[in-house]
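Chemist: Here it is, the structure, as structure tokens.
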Amino acid sequence: MDTAADVAVIGAGPAGIAAANELTGRGVSVVVIDENQRPGGQIGRLRFASESDADRGELDMAVDFRGSTVCHGFRDEHAVVVSDSCGTSTIHAECFIVATGSREVVYPMPGWTLPGVMTAGAAQTFLKGSGALPYRRVLVAGSGPLLLAAATQLVDHGVEVAGVLDASRPRLADWRDAVRLGASPALLAQGADYLVRLARAGVRVRLGYGVASIVGETRVRGATVGALDHDWRFTGTATDFIDCDAVLLCHGFSSVAELVGQSGGRLDWDDRRLDWVPRRDAAFRTTVPHVRAVGDCAGVGGAQIAALEGTLVGRWTADQLTGRTADAPGTLLRRLRRLERFRLGMDGLFRAGTGASTWAEPSTTICRCEAVDRADIEGALHHEIDDLHGLKMWSRAGMGTCQGRTCTPVLRSLLADRGTSRGATIPPSYRFPVRPLRIAALDGPPSNRGGHDA
Amino acid sequence: MSTGRLTITVDGRRCDVPCDVSVATALLAAGGDVSVFCGMGSCHSCVLTVDGVRGVRACITPVCAEMTIETRGFAWTPQPT
């Protein structure tokens with residue numbers, strides 16, 4: 001059955017929840033959808049429930065929340081197609097707030113497709129959603145503060161952590177820069193707390209280290225690890241073997257901006273984040289004015305920034321719809337700027353090194369969905385294919401069920417090695433449906449609003 | 001945390017699994033290896049057929065009593081006992 005509301009919020013993480021609560025408080029009708037059963041997003045994920053659980057975490061009980069609901073894209077300016085276990089329907093709204101968050105970026109190394117290799121966030125999903133990670137001894141590797149958070153959570157749940165390897169090796173001067181940029185004392189204290197707790201649990205945190213290969217036949221048996229230089233290239237032969245039955249990886253994050261792109265919103269290359277992010281004005285409007293984007297999907301910034309942006313976008317959207325202006329959000333904006341400065345510093349410290357593209361061997365899978373390996377990609381590159389689109393056409397990398405979500409950052413890095421600057425390429429084009437849709441569910445062809453048809 | 005159990009059918013085999021967990025966790029509890037990669041519905045590594053519906057993501061779907069899951073050897077490998 002179709003739904004109509006003043007505002008539709010896509011994504012019930014910190015940004016979507018804050019926006020929906022703010023709008024509801026101002027008497028604006030709002031519907032919130034999320035692919036997950038319950039609100040919270042990845043960071044505030046609630047336990048899976050076999051029956052509908054009344055507890056909604058932070059989300060206002062007055063909000064019309066639709067869990068386990070997928071948004072496939074805009075069918076026209078003011079309508080999105082969604083599906084749930086009952087079928088497909090349309091949500092009509094005056095304004096849309098896209099709060100679809102981010103996903104982890106993983107650079108492939110031999111063995112990364114074995115069962116037991118997953119993202120650090122996936123392990124957190126197991127812990128938060130299902131109460132346990134069914135592995136005995138895990139290795140955590142990648143880059144950035146999430147590794148410490150995930151490792152600490154694992155230790156708290158009684159999982160043995162075989163080590164934490166961060167590919168980055170921030171120099172003292174880098175840390176000084178981060179602090180000068182306005183480091184958030186609370187976030188720094190949290191990081192220090194993780195380090196203390198891991199040290200107490202006997203977990204070794206090594207900077208400038210990475211996983212060279214993951215070993216196992218049908219499941220993970222262990223991993224060889226070694227030292228990396230500042231560009232994330234292995235400095236010698238990795239000979240250290242670490243015994244483990246799971247490897248958790250996270251080399252960074254990427255905005256989930258497909259819906260903005262499909263709506264017709266412009267995306268810009270962000271060289272600091274190595275990612276395409278929606279272009280926004282000061283009120284978080286995309287270049288499609290009734291579509292606003294907040295939180296990680298508009299440039300990864302973390303949960304605190306997401307929640308602040310959500311609150312602000314809720315106010316501004318309510319102002320627009322009700323014609324009444326709420327209090328000036330000066331304090332919120334100042335907090336947001338401070339957090340953004342800190343984030344800028346952190347991004348600099350943990351930015352993916354160009355050497356990450358050297359980890360995959362010719363036989364290493366790059367595109368998991370279509371089983372395209374590195375040799376296939378190199379074959380295309382030898383034929384002077386120099387953009388993502390050509391690479392897809394040649395090798396089918398990025399054309400499987402996940403629609404390139406997992407391998408695209410890796411393909412960009414391989415292209416960059418060949419001299420195609422990651423930003424010089426045309427923006428990704430996202431077409432309906434941005435998530436797989438049963439063909440029987442379509443009753444007519446929706447228009448494709450965004451992107452290039454090149 | 002709930003301590004309840006429920007029964008599902010995986011590739012024709014009856015399995016006793018915990019409740020209030022994802023399908024992915026239930027399959028791991030049923031003694032197989034599951035190709036969960038992103039854990040948040042993005043990578044589609046863990047897609048299965050559940051109650052006749054193809055393309056269900058095991059990582060973000062809650063397990064329910066009497067679910068019938070077909071893996072067709074994909075995303076789930078039973079471990080030899």
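In the structure tokens, each chain is lettered A, B, ... as it comes, each chain's residues begin at 1, and ligands are numbered from 1 in order of appearance.
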Run DSSP on the backbone and give me the residues of chain B it puts in strand (DSSP E), as a PyMOL selection string.
Modeler: chain B and resi 5-10+13-18+32-34+47-50+53-57+68-70+76-78
Chemist: Just list as a PyMOL selection string whatever in region 233-356 of chain A DSSP marks as alpha helix (DSSP H).
Modeler: chain A and resi 258-263+303-322+330-350
Chemist: A:Arg206, A:Arg219, A:Arg438, A:Arg103: which is nearest Gln42 (chain A), counting only C-alpha atoms?
Modeler: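 Smallest separation from Gln42 (chain A) among the options: A:Arg103.
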Chemist: Out of A:Leu388, A:Leu133, A:Val277, A:Leu249, which residue has the shortest atom-to-atom distance to Ile214 (chain A) when counting only C-alpha atoms?
Modeler: A:Leu249
Chemist: Restricting the calculation to only C-alpha atoms: of A:Val161, A:Gly13, A:Ser85, A:Gly142, which residue gets closest to Asp51 (chain B)?
Modeler: A:Ser85
Chemist: Using only C-alpha atoms, which of B:Ala65, B:Ala24, B:Gly31, B:Leu6 sits nearest Ser45 (chain B)?
Modeler: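 Nearest to Ser45 (chain B): B:Ala24.
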Chemist: Please identify every residue of chain B that has at least one atom no more than 7 Å from any atom of chain A, counting only C-alpha atoms, and report them as a list in words.
Modeler: Cys19, Asp20, Val21, Ser22, Thr25, Asp33, Val34, Ser35, Val36, Phe37, Cys38, Gly39, Met40, Ser42, Cys43, His44, Ile60, Pro62, Val63 and Cys64 of chain B
Chemist: Please save N, CA, C and O atoms of the selected residues as an mmCIF file, in the first residue's frame.
Modeler:
```cif
data_model
loop_
_atom_site.group_PDB
_atom_site.id
_atom_site.type_symbol
_atom_site.label_atom_id
_atom_site.label_comp_id
_atom_site.auth_asym_id
_atom_site.auth_seq_id
_atom_site.Cartn_x
_atom_site.Cartn_y
_atom_site.Cartn_z
ATOM 1 N N CYS B 19 17.227 -18.220 19.067
ATOM 2 C CA CYS B 19 16.321 -17.203 18.533
ATOM 3 C C CYS B 19 16.894 -15.808 18.790
ATOM 4 O O CYS B 19 17.912 -15.664 19.465
ATOM 5 N N ASP B 20 16.268 -14.784 18.238
ATOM 6 C CA ASP B 20 16.734 -13.399 18.361
ATOM 7 C C ASP B 20 18.157 -13.215 17.827
ATOM 8 O O ASP B 20 18.989 -12.524 18.434
ATOM 9 N N VAL B 21 18.439 -13.873 16.712
ATOM 10 C CA VAL B 21 19.727 -13.696 16.038
ATOM 11 C C VAL B 21 19.436 -13.557 14.542
ATOM 12 O O VAL B 21 18.311 -13.775 14.095
ATOM 13 N N SER B 22 20.473 -13.209 13.762
ATOM 14 C CA SER B 22 20.316 -13.131 12.313
ATOM 15 C C SER B 22 20.311 -14.536 11.720
ATOM 16 O O SER B 22 20.758 -15.497 12.357
ATOM 17 N N THR B 25 23.857 -15.841 11.769
ATOM 18 C CA THR B 25 24.294 -16.426 13.043
ATOM 19 C C THR B 25 23.657 -17.798 13.241
ATOM 20 O O THR B 25 24.313 -18.729 13.711
ATOM 21 N N ASP B 33 29.973 -22.905 7.619
ATOM 22 C CA ASP B 33 30.674 -21.650 7.417
ATOM 23 C C ASP B 33 29.832 -20.770 6.517
ATOM 24 O O ASP B 33 29.359 -21.213 5.479
ATOM 25 N N VAL B 34 29.654 -19.533 6.907
ATOM 26 C CA VAL B 34 28.810 -18.622 6.143
ATOM 27 C C VAL B 34 29.673 -17.525 5.550
ATOM 28 O O VAL B 34 30.557 -16.998 6.208
ATOM 29 N N SER B 35 29.402 -17.177 4.294
ATOM 30 C CA SER B 35 30.137 -16.104 3.643
ATOM 31 C C SER B 35 29.561 -14.749 4.020
ATOM 32 O O SER B 35 29.006 -14.058 3.185
ATOM 33 N N VAL B 36 29.669 -14.394 5.280
ATOM 34 C CA VAL B 36 29.276 -13.040 5.665
ATOM 35 C C VAL B 36 30.509 -12.170 5.493
ATOM 36 O O VAL B 36 31.577 -12.500 6.012
ATOM 37 N N PHE B 37 30.392 -11.100 4.745
ATOM 38 C CA PHE B 37 31.552 -10.231 4.587
ATOM 39 C C PHE B 37 31.309 -8.864 5.230
ATOM 40 O O PHE B 37 31.983 -8.474 6.160
ATOM 41 N N CYS B 38 30.298 -8.140 4.724
ATOM 42 C CA CYS B 38 30.099 -6.773 5.241
ATOM 43 C C CYS B 38 29.197 -6.763 6.470
ATOM 44 O O CYS B 38 29.267 -5.848 7.280
ATOM 45 N N GLY B 39 28.326 -7.766 6.600
ATOM 46 C CA GLY B 39 27.461 -7.848 7.781
ATOM 47 C C GLY B 39 26.364 -6.805 7.842
ATOM 48 O O GLY B 39 25.667 -6.694 8.839
ATOM 49 N N MET B 40 26.209 -5.998 6.795
ATOM 50 C CA MET B 40 25.213 -4.932 6.855
ATOM 51 C C MET B 40 24.391 -4.814 5.586
ATOM 52 O O MET B 40 23.809 -3.773 5.298
ATOM 53 N N SER B 42 25.281 -4.880 2.425
ATOM 54 C CA SER B 42 25.848 -4.138 1.303
ATOM 55 C C SER B 42 26.454 -5.060 0.241
ATOM 56 O O SER B 42 26.216 -4.868 -0.949
ATOM 57 N N CYS B 43 27.191 -6.083 0.661
ATOM 58 C CA CYS B 43 28.009 -6.840 -0.304
ATOM 59 C C CYS B 43 27.272 -8.013 -0.950
ATOM 60 O O CYS B 43 27.747 -8.555 -1.942
ATOM 61 N N HIS B 44 26.161 -8.428 -0.390
ATOM 62 C CA HIS B 44 25.361 -9.525 -0.939
ATOM 63 C C HIS B 44 26.102 -10.863 -0.997
ATOM 64 O O HIS B 44 25.712 -11.767 -1.722
ATOM 65 N N ILE B 60 21.259 -9.475 7.587
ATOM 66 C CA ILE B 60 20.365 -8.457 8.165
ATOM 67 C C ILE B 60 18.944 -8.981 8.363
ATOM 68 O O ILE B 60 18.038 -8.223 8.677
ATOM 69 N N PRO B 62 16.338 -11.305 10.450
ATOM 70 C CA PRO B 62 16.186 -12.074 11.689
ATOM 71 C C PRO B 62 15.671 -13.486 11.400
ATOM 72 O O PRO B 62 14.846 -13.671 10.505
ATOM 73 N N VAL B 63 16.183 -14.462 12.144
ATOM 74 C CA VAL B 63 15.730 -15.836 11.944
ATOM 75 C C VAL B 63 14.360 -15.995 12.598
ATOM 76 O O VAL B 63 14.076 -15.368 13.613
ATOM 77 N N CYS B 64 13.489 -16.787 11.956
ATOM 78 C CA CYS B 64 12.159 -17.038 12.502
ATOM 79 C C CYS B 64 11.912 -18.542 12.571
ATOM 80 O O CYS B 64 12.486 -19.294 11.780
#
```
Chemist: Find the residue from A:Gly355, A:Gly236, A:Gly345, A:Gly390 that sits nearest to Asp174 (chain A); use only C-alpha atoms when measuring.
Modeler: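 Selected residue with least distance to Asp174 (chain A): A:Gly345.
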Chemist: Which of these, B:Ile8, B:Ala58, B:Gly41, B:Val47, has the shortest distance to Val23 (chain B) once you count only C-alpha atoms?
Modeler: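 Nearest candidate to Val23 (chain B) out of B:Ile8, B:Ala58, B:Gly41, B:Val47: B:Ala58.
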Chemist: Using only C-alpha atoms, which protein or nucleic acid residues come within 9 Å of Pro362 (chain A)? Drop anything in the same chain fewer than 6 positions from it, and give the result as a ChimeraX atom specification.
Modeler: /A:373-378
Chemist: Would you kindly return, as a list of chain:residue names, each protein, DNA or RNA residue with an atom no farther than 8 Å from any atom of Asp11 (chain B), considering only C-alpha atoms and excluding same-chain residues fewer than 2 positions away?
Modeler: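 Near Asp11 (chain B), the qualifying residues are B:Thr9, B:Arg13, B:Thr68, B:Ile69, B:Glu70, B:Thr71, B:Arg72.
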Chemist: Extract, using only C-alpha atoms, all DNA, RNA and protein residues at most 12 Å from Ala328 (chain A), discarding same-chain residues fewer than 3 positions from it, and format them as a ChimeraX atom specification.
Modeler: /A:312,315-316,319,324-325,331-334
Chemist: Mind pulling up the distance from CA of Asp76 (chain A) to CA of His92 (chain A)?
Modeler: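 Calculated distance between CA of His92 (chain A) and CA of Asp76 (chain A) is 9.4 Å.
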Chemist: CA of Val215 (chain A) to CA of Pro110 (chain A): how many Å, to one decimal?
Modeler: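 Interatomic distance, CA of Val215 (chain A) to CA of Pro110 (chain A): 8.1 Å.
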Chemist: Excluding Leu139 (chain A) and any residue of its chain fewer than 6 positions from it, enumerate the residues within 10 Å of it, using only C-alpha atoms, and give them as a list in words.
Modeler: Val117, Ala120, Ala151, Glu160, Val161, Ala162, Gly163, Val164, Leu165, Val211, Gly222, Ala223, Ile242, Asp243, Cys244, Asp245, Ala246, Val247, Leu248 and Leu249 of chain A
Chemist: Quick one: write out the picked residues with N, CA, C and O atoms as a PDB file, in the first residue's frame?
Modeler:
```pdb
ATOM      1  N   VAL A 117      36.544 -14.371   6.920  1.00  0.00           N
ATOM      2  CA  VAL A 117      37.099 -13.032   6.681  1.00  0.00           C
ATOM      3  C   VAL A 117      35.909 -12.097   6.518  1.00  0.00           C
ATOM      4  O   VAL A 117      35.033 -12.343   5.688  1.00  0.00           O
ATOM      5  N   ALA A 120      35.408  -5.367   9.930  1.00  0.00           N
ATOM      6  CA  ALA A 120      35.370  -5.164  11.383  1.00  0.00           C
ATOM      7  C   ALA A 120      33.937  -4.827  11.809  1.00  0.00           C
ATOM      8  O   ALA A 120      33.471  -5.269  12.858  1.00  0.00           O
ATOM      9  N   ALA A 151      38.026  -4.218  18.369  1.00  0.00           N
ATOM     10  CA  ALA A 151      38.840  -5.153  19.149  1.00  0.00           C
ATOM     11  C   ALA A 151      38.429  -5.116  20.620  1.00  0.00           C
ATOM     12  O   ALA A 151      38.335  -6.159  21.277  1.00  0.00           O
ATOM     13  N   GLU A 160      38.957 -14.043  21.878  1.00  0.00           N
ATOM     14  CA  GLU A 160      40.391 -13.797  21.949  1.00  0.00           C
ATOM     15  C   GLU A 160      40.825 -13.002  20.715  1.00  0.00           C
ATOM     16  O   GLU A 160      40.537 -13.401  19.588  1.00  0.00           O
ATOM     17  N   VAL A 161      41.501 -11.879  20.920  1.00  0.00           N
ATOM     18  CA  VAL A 161      41.974 -11.066  19.797  1.00  0.00           C
ATOM     19  C   VAL A 161      43.469 -11.340  19.618  1.00  0.00           C
ATOM     20  O   VAL A 161      44.278 -11.088  20.519  1.00  0.00           O
ATOM     21  N   ALA A 162      43.831 -11.888  18.451  1.00  0.00           N
ATOM     22  CA  ALA A 162      45.209 -12.304  18.196  1.00  0.00           C
ATOM     23  C   ALA A 162      46.124 -11.118  17.907  1.00  0.00           C
ATOM     24  O   ALA A 162      47.343 -11.266  17.852  1.00  0.00           O
ATOM     25  N   GLY A 163      45.529  -9.946  17.716  1.00  0.00           N
ATOM     26  CA  GLY A 163      46.339  -8.764  17.469  1.00  0.00           C
ATOM     27  C   GLY A 163      45.541  -7.734  16.699  1.00  0.00           C
ATOM     28  O   GLY A 163      44.520  -8.055  16.089  1.00  0.00           O
ATOM     29  N   VAL A 164      45.999  -6.478  16.778  1.00  0.00           N
ATOM     30  CA  VAL A 164      45.403  -5.405  15.985  1.00  0.00           C
ATOM     31  C   VAL A 164      46.523  -4.811  15.137  1.00  0.00           C
ATOM     32  O   VAL A 164      47.562  -4.413  15.669  1.00  0.00           O
ATOM     33  N   LEU A 165      46.327  -4.817  13.817  1.00  0.00           N
ATOM     34  CA  LEU A 165      47.344  -4.285  12.906  1.00  0.00           C
ATOM     35  C   LEU A 165      46.769  -3.070  12.200  1.00  0.00           C
ATOM     36  O   LEU A 165      45.777  -3.178  11.483  1.00  0.00           O
ATOM     37  N   VAL A 211      48.081  -7.351   6.728  1.00  0.00           N
ATOM     38  CA  VAL A 211      47.920  -8.771   6.419  1.00  0.00           C
ATOM     39  C   VAL A 211      48.375  -8.998   4.982  1.00  0.00           C
ATOM     40  O   VAL A 211      47.837  -8.383   4.058  1.00  0.00           O
ATOM     41  N   GLY A 222      44.675 -18.986   9.458  1.00  0.00           N
ATOM     42  CA  GLY A 222      45.645 -18.035   9.985  1.00  0.00           C
ATOM     43  C   GLY A 222      45.980 -16.996   8.936  1.00  0.00           C
ATOM     44  O   GLY A 222      45.374 -16.972   7.859  1.00  0.00           O
ATOM     45  N   ALA A 223      46.945 -16.148   9.256  1.00  0.00           N
ATOM     46  CA  ALA A 223      47.306 -15.088   8.326  1.00  0.00           C
ATOM     47  C   ALA A 223      48.798 -14.788   8.451  1.00  0.00           C
ATOM     48  O   ALA A 223      49.357 -14.879   9.549  1.00  0.00           O
ATOM     49  N   ILE A 242      50.174 -15.707  11.991  1.00  0.00           N
ATOM     50  CA  ILE A 242      49.306 -15.579  13.168  1.00  0.00           C
ATOM     51  C   ILE A 242      48.171 -16.586  13.051  1.00  0.00           C
ATOM     52  O   ILE A 242      47.452 -16.627  12.059  1.00  0.00           O
ATOM     53  N   ASP A 243      48.058 -17.413  14.060  1.00  0.00           N
ATOM     54  CA  ASP A 243      47.024 -18.447  14.097  1.00  0.00           C
ATOM     55  C   ASP A 243      45.688 -17.795  14.494  1.00  0.00           C
ATOM     56  O   ASP A 243      45.614 -17.112  15.507  1.00  0.00           O
ATOM     57  N   CYS A 244      44.663 -17.972  13.671  1.00  0.00           N
ATOM     58  CA  CYS A 244      43.352 -17.391  13.984  1.00  0.00           C
ATOM     59  C   CYS A 244      42.294 -18.086  13.132  1.00  0.00           C
ATOM     60  O   CYS A 244      42.625 -18.735  12.137  1.00  0.00           O
ATOM     61  N   ASP A 245      41.029 -17.990  13.514  1.00  0.00           N
ATOM     62  CA  ASP A 245      39.973 -18.581  12.687  1.00  0.00           C
ATOM     63  C   ASP A 245      39.058 -17.519  12.075  1.00  0.00           C
ATOM     64  O   ASP A 245      38.065 -17.842  11.427  1.00  0.00           O
ATOM     65  N   ALA A 246      39.397 -16.248  12.284  1.00  0.00           N
ATOM     66  CA  ALA A 246      38.675 -15.168  11.605  1.00  0.00           C
ATOM     67  C   ALA A 246      39.610 -13.978  11.452  1.00  0.00           C
ATOM     68  O   ALA A 246      40.494 -13.768  12.281  1.00  0.00           O
ATOM     69  N   VAL A 247      39.439 -13.239  10.372  1.00  0.00           N
ATOM     70  CA  VAL A 247      40.213 -12.016  10.137  1.00  0.00           C
ATOM     71  C   VAL A 247      39.211 -10.893   9.863  1.00  0.00           C
ATOM     72  O   VAL A 247      38.338 -11.032   8.998  1.00  0.00           O
ATOM     73  N   LEU A 248      39.306  -9.821  10.622  1.00  0.00           N
ATOM     74  CA  LEU A 248      38.393  -8.685  10.464  1.00  0.00           C
ATOM     75  C   LEU A 248      39.156  -7.528   9.836  1.00  0.00           C
ATOM     76  O   LEU A 248      40.203  -7.126  10.336  1.00  0.00           O
ATOM     77  N   LEU A 249      38.642  -7.026   8.723  1.00  0.00           N
ATOM     78  CA  LEU A 249      39.351  -6.001   7.958  1.00  0.00           C
ATOM     79  C   LEU A 249      38.533  -4.723   7.839  1.00  0.00           C
ATOM     80  O   LEU A 249      37.305  -4.772   7.705  1.00  0.00           O
TER      81      LEU A 249
END
```
Chemist: Which polymer residues have any atom within 8 Å of an atom of Pro18 (chain B), counting only C-alpha atoms, with same-chain residues fewer than 3 positions away left out, as a compact mmCIF listing (two decimals) with N, CA, C and O atoms, in the first residue's frame?
Modeler:
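That gives us result13.txt:
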```txt
# COMPACT_ATOMS: atom_id res chain seq x y z
N THR B 3 17.44 -16.72 25.63
CA THR B 3 18.09 -18.02 25.58
C THR B 3 17.23 -19.04 24.84
O THR B 3 17.52 -20.22 24.84
N GLY B 4 16.17 -18.56 24.21
CA GLY B 4 15.25 -19.46 23.53
C GLY B 4 15.87 -20.11 22.31
O GLY B 4 16.90 -19.67 21.80
N ARG B 5 15.25 -21.16 21.85
CA ARG B 5 15.71 -21.87 20.65
C ARG B 5 14.53 -21.99 19.70
O ARG B 5 13.38 -21.90 20.10
N LEU B 6 14.84 -22.19 18.44
CA LEU B 6 13.79 -22.49 17.48
C LEU B 6 14.34 -23.42 16.41
O LEU B 6 15.54 -23.65 16.33
N VAL B 21 18.44 -13.87 16.71
CA VAL B 21 19.73 -13.70 16.04
C VAL B 21 19.44 -13.56 14.54
O VAL B 21 18.31 -13.78 14.10
N ALA B 26 22.39 -17.92 12.86
CA ALA B 26 21.71 -19.21 13.00
C ALA B 26 22.41 -20.28 12.17
O ALA B 26 22.61 -21.41 12.62
N ALA B 29 25.51 -21.29 13.80
CA ALA B 29 25.17 -22.13 14.95
C ALA B 29 24.79 -23.54 14.49
O ALA B 29 24.98 -24.51 15.20
```
Chemist: Separation of CA of Arg285 (chain A) and CA of Thr90 (chain A), in Å?
Modeler: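 CA of Arg285 (chain A) sits 22.4 Å away from CA of Thr90 (chain A).
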